[in-house]
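Read the structure below first, then the notes.
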Amino acid sequence: MTNEVLETIKKRRSVRAYKPDAVPQELLDAVLEAGTYAPTGRGQQSPVIIAVSAAEYRKKIAELNAAVILVLTDKNSATGVEDASCVLENMMLAAASLGLGTVWVHREREIFESEAGKKLLAEWGVKGNLRGVGSIAIGYAATPSNKTAARKSDYIYKIQPSDGTVYR
C-alpha cells in the first residue's frame, strides 16, 4: 500500500545538524497548527506550544537545552504527558512532510522546574501550573538523513481472534 502519510512516517529521521537558513513563517505556522490537532485526553487540549524564534531567547534556551519549539502541559492533567507527546509527534511528522528536519529534545521537565525556566515563562506571559514535556529543534537538515534501520523481527505480535494463534 502506498500512502503519503505512511511514507513520511517511515522516512522521518532525527536531524541534529541544521543549515543556517531560517524556516519560513508559513512552514513554521503549518507545523505549529499540526500540533494543535494532536489527540488529547478527554479533548482537554492540555499542552501549551511555545515557538521560539527570537535570537535572544533562543540563546537563553540553548544555554539550558537547545530548542526551538517547546511543549509543556498542565501538571494536573491525567494525560498531559501523553497529550504533549502526541503534539510533538504531529509537529515532527508535519515538518518532515514539508521538507524540514527535527529532533525531539528532552530535559524540558528539568528546565521548566528550574528558576531560570520559570523566569522565562513569566517573561513570555505563559501562565498555568505547567510541566515541560519536550521540545523539537526544527530547520533544514545540513546533511541527508540516514537510511531507516531495519525493524526488529519481534516488533509486532498478531493474536488471531479465531483461535488465539500468535503470528509474527
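Order determines the names: the first chain of the C-alpha cells is A, the second B, and so forth; residues in each chain are numbered 1 upward, and ligands are numbered 1 upward as they are shown.
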Show which residues sit within 10 Å of region 117-133 of chain A, as an MDAnalysis selection string. Count only C-alpha atoms, and ignore same-chain residues fewer than 3 positions away.
chainID A and resid 46:48 50 57 60:61 64 70:77 80:85 88 105:114
Dump as a compact mmCIF listing (two decimals), in the first residue's frame, selection limited to N, CA, C and O atoms:
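Result file follows (result.txt):
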```txt
# COMPACT_ATOMS: atom_id res chain seq x y z
N SER A 46 -4.64 20.02 26.86
CA SER A 46 -3.80 20.47 27.97
C SER A 46 -2.41 20.97 27.57
O SER A 46 -1.84 21.79 28.27
N PRO A 47 -1.83 20.55 26.43
CA PRO A 47 -0.49 21.06 26.10
C PRO A 47 -0.48 22.54 25.73
O PRO A 47 -1.49 23.11 25.31
N VAL A 48 0.68 23.14 25.91
CA VAL A 48 0.94 24.52 25.52
C VAL A 48 2.16 24.46 24.59
O VAL A 48 3.16 23.81 24.91
N ILE A 50 5.09 26.56 22.56
CA ILE A 50 5.79 27.84 22.54
C ILE A 50 6.83 27.79 21.43
O ILE A 50 7.76 27.00 21.48
N TYR A 57 16.14 34.86 22.96
CA TYR A 57 15.54 33.77 23.73
C TYR A 57 16.07 32.41 23.29
O TYR A 57 16.23 31.51 24.09
N LYS A 60 19.16 31.99 25.20
CA LYS A 60 18.89 31.64 26.60
C LYS A 60 18.50 30.17 26.71
O LYS A 60 18.95 29.45 27.60
N ILE A 61 17.63 29.72 25.81
CA ILE A 61 17.18 28.33 25.84
C ILE A 61 18.33 27.40 25.52
O ILE A 61 18.49 26.35 26.14
N LEU A 64 20.25 26.46 28.35
CA LEU A 64 19.58 25.46 29.18
C LEU A 64 19.50 24.13 28.45
O LEU A 64 19.73 23.07 29.02
N LEU A 70 8.85 24.46 22.07
CA LEU A 70 8.71 23.85 23.39
C LEU A 70 7.28 23.38 23.58
O LEU A 70 6.34 24.05 23.13
N VAL A 71 7.10 22.25 24.25
CA VAL A 71 5.75 21.77 24.56
C VAL A 71 5.69 21.48 26.05
O VAL A 71 6.47 20.69 26.58
N LEU A 72 4.76 22.14 26.70
CA LEU A 72 4.51 21.95 28.12
C LEU A 72 3.07 21.49 28.28
O LEU A 72 2.28 21.58 27.34
N THR A 73 2.74 21.05 29.48
CA THR A 73 1.37 20.62 29.71
C THR A 73 0.95 20.97 31.13
O THR A 73 1.80 21.21 32.00
N ASP A 74 -0.32 20.99 31.35
CA ASP A 74 -0.88 21.25 32.67
C ASP A 74 -0.47 20.10 33.59
O ASP A 74 -0.72 18.93 33.28
N LYS A 75 0.15 20.42 34.71
CA LYS A 75 0.59 19.39 35.67
C LYS A 75 -0.58 18.58 36.22
O LYS A 75 -0.39 17.46 36.66
N ASN A 76 -1.77 19.15 36.21
CA ASN A 76 -2.93 18.47 36.78
C ASN A 76 -3.66 17.57 35.79
O ASN A 76 -4.60 16.89 36.16
N SER A 77 -3.23 17.59 34.53
CA SER A 77 -3.90 16.77 33.51
C SER A 77 -3.48 15.31 33.67
O SER A 77 -2.28 15.00 33.70
N GLY A 80 -1.60 14.52 30.45
CA GLY A 80 -0.82 15.62 29.92
C GLY A 80 0.44 15.21 29.18
O GLY A 80 0.73 15.73 28.10
N VAL A 81 1.20 14.29 29.75
CA VAL A 81 2.44 13.85 29.11
C VAL A 81 2.13 13.15 27.79
O VAL A 81 2.78 13.40 26.77
N GLU A 82 1.13 12.30 27.80
CA GLU A 82 0.75 11.60 26.58
C GLU A 82 0.24 12.60 25.53
O GLU A 82 0.59 12.51 24.35
N ASP A 83 -0.58 13.55 25.97
CA ASP A 83 -1.12 14.56 25.05
C ASP A 83 0.02 15.36 24.42
O ASP A 83 0.05 15.56 23.20
N ALA A 84 0.94 15.83 25.24
CA ALA A 84 2.06 16.63 24.74
C ALA A 84 2.95 15.81 23.81
O ALA A 84 3.48 16.32 22.82
N SER A 85 3.11 14.53 24.10
CA SER A 85 3.90 13.65 23.24
C SER A 85 3.27 13.53 21.86
O SER A 85 3.96 13.54 20.83
N LEU A 88 4.02 16.74 19.97
CA LEU A 88 5.39 16.73 19.44
C LEU A 88 5.49 15.85 18.20
O LEU A 88 6.08 16.24 17.20
N VAL A 105 14.00 16.87 21.67
CA VAL A 105 15.00 17.15 22.70
C VAL A 105 14.33 16.98 24.05
O VAL A 105 13.24 17.49 24.28
N HIS A 106 15.00 16.25 24.94
CA HIS A 106 14.46 16.03 26.29
C HIS A 106 15.14 16.97 27.28
O HIS A 106 16.18 17.52 27.00
N ARG A 107 14.59 17.13 28.41
CA ARG A 107 15.07 17.91 29.55
C ARG A 107 14.14 19.07 29.88
O ARG A 107 14.41 19.85 30.76
N GLU A 108 13.05 19.21 29.16
CA GLU A 108 12.16 20.33 29.43
C GLU A 108 11.54 20.26 30.82
O GLU A 108 11.26 21.30 31.42
N ARG A 109 11.35 19.06 31.34
CA ARG A 109 10.81 18.97 32.71
C ARG A 109 11.77 19.65 33.67
O ARG A 109 11.37 20.51 34.46
N GLU A 110 13.05 19.31 33.57
CA GLU A 110 14.04 19.90 34.46
C GLU A 110 14.19 21.40 34.21
O GLU A 110 14.31 22.19 35.14
N ILE A 111 14.19 21.78 32.94
CA ILE A 111 14.36 23.20 32.60
C ILE A 111 13.26 24.05 33.21
O ILE A 111 13.52 25.07 33.84
N PHE A 112 12.01 23.62 33.05
CA PHE A 112 10.92 24.47 33.49
C PHE A 112 10.52 24.25 34.94
O PHE A 112 9.62 24.92 35.45
N GLU A 113 11.22 23.36 35.62
CA GLU A 113 11.12 23.27 37.08
C GLU A 113 12.17 24.18 37.71
O GLU A 113 12.07 24.52 38.88
N SER A 114 13.17 24.58 36.93
CA SER A 114 14.24 25.45 37.44
C SER A 114 13.75 26.89 37.53
O SER A 114 12.79 27.28 36.86
```
* Asked: Running DSSP on the backbone, which parts of chain A land in helix (DSSP H, G or I), as a count of residues only?
  -> 68
What separates CA of Tyr18 (chain A) and CA of Ile49 (chain A) is a distance of 21.6 Å
Extract, using only C-alpha atoms, all DNA, RNA and protein residues at most 10 Å from Arg16 (chain A), discarding same-chain residues fewer than 2 positions from it, and format them as a list in words. Arg13, Ser14, Tyr18, Gly101, Thr102, Val103, Trp104, Val105, Ala137, Ile138, Gly139, Ala141, Ala142, Thr143 and Ser145 of chain A
Members of region 12-167 of chain A assigned strand (DSSP E or B) by DSSP, as a VMD selection string: chain A and resid 14 18 47 to 51 69 to 74 101 to 105 130 to 139 141 158 to 159 166 to 167
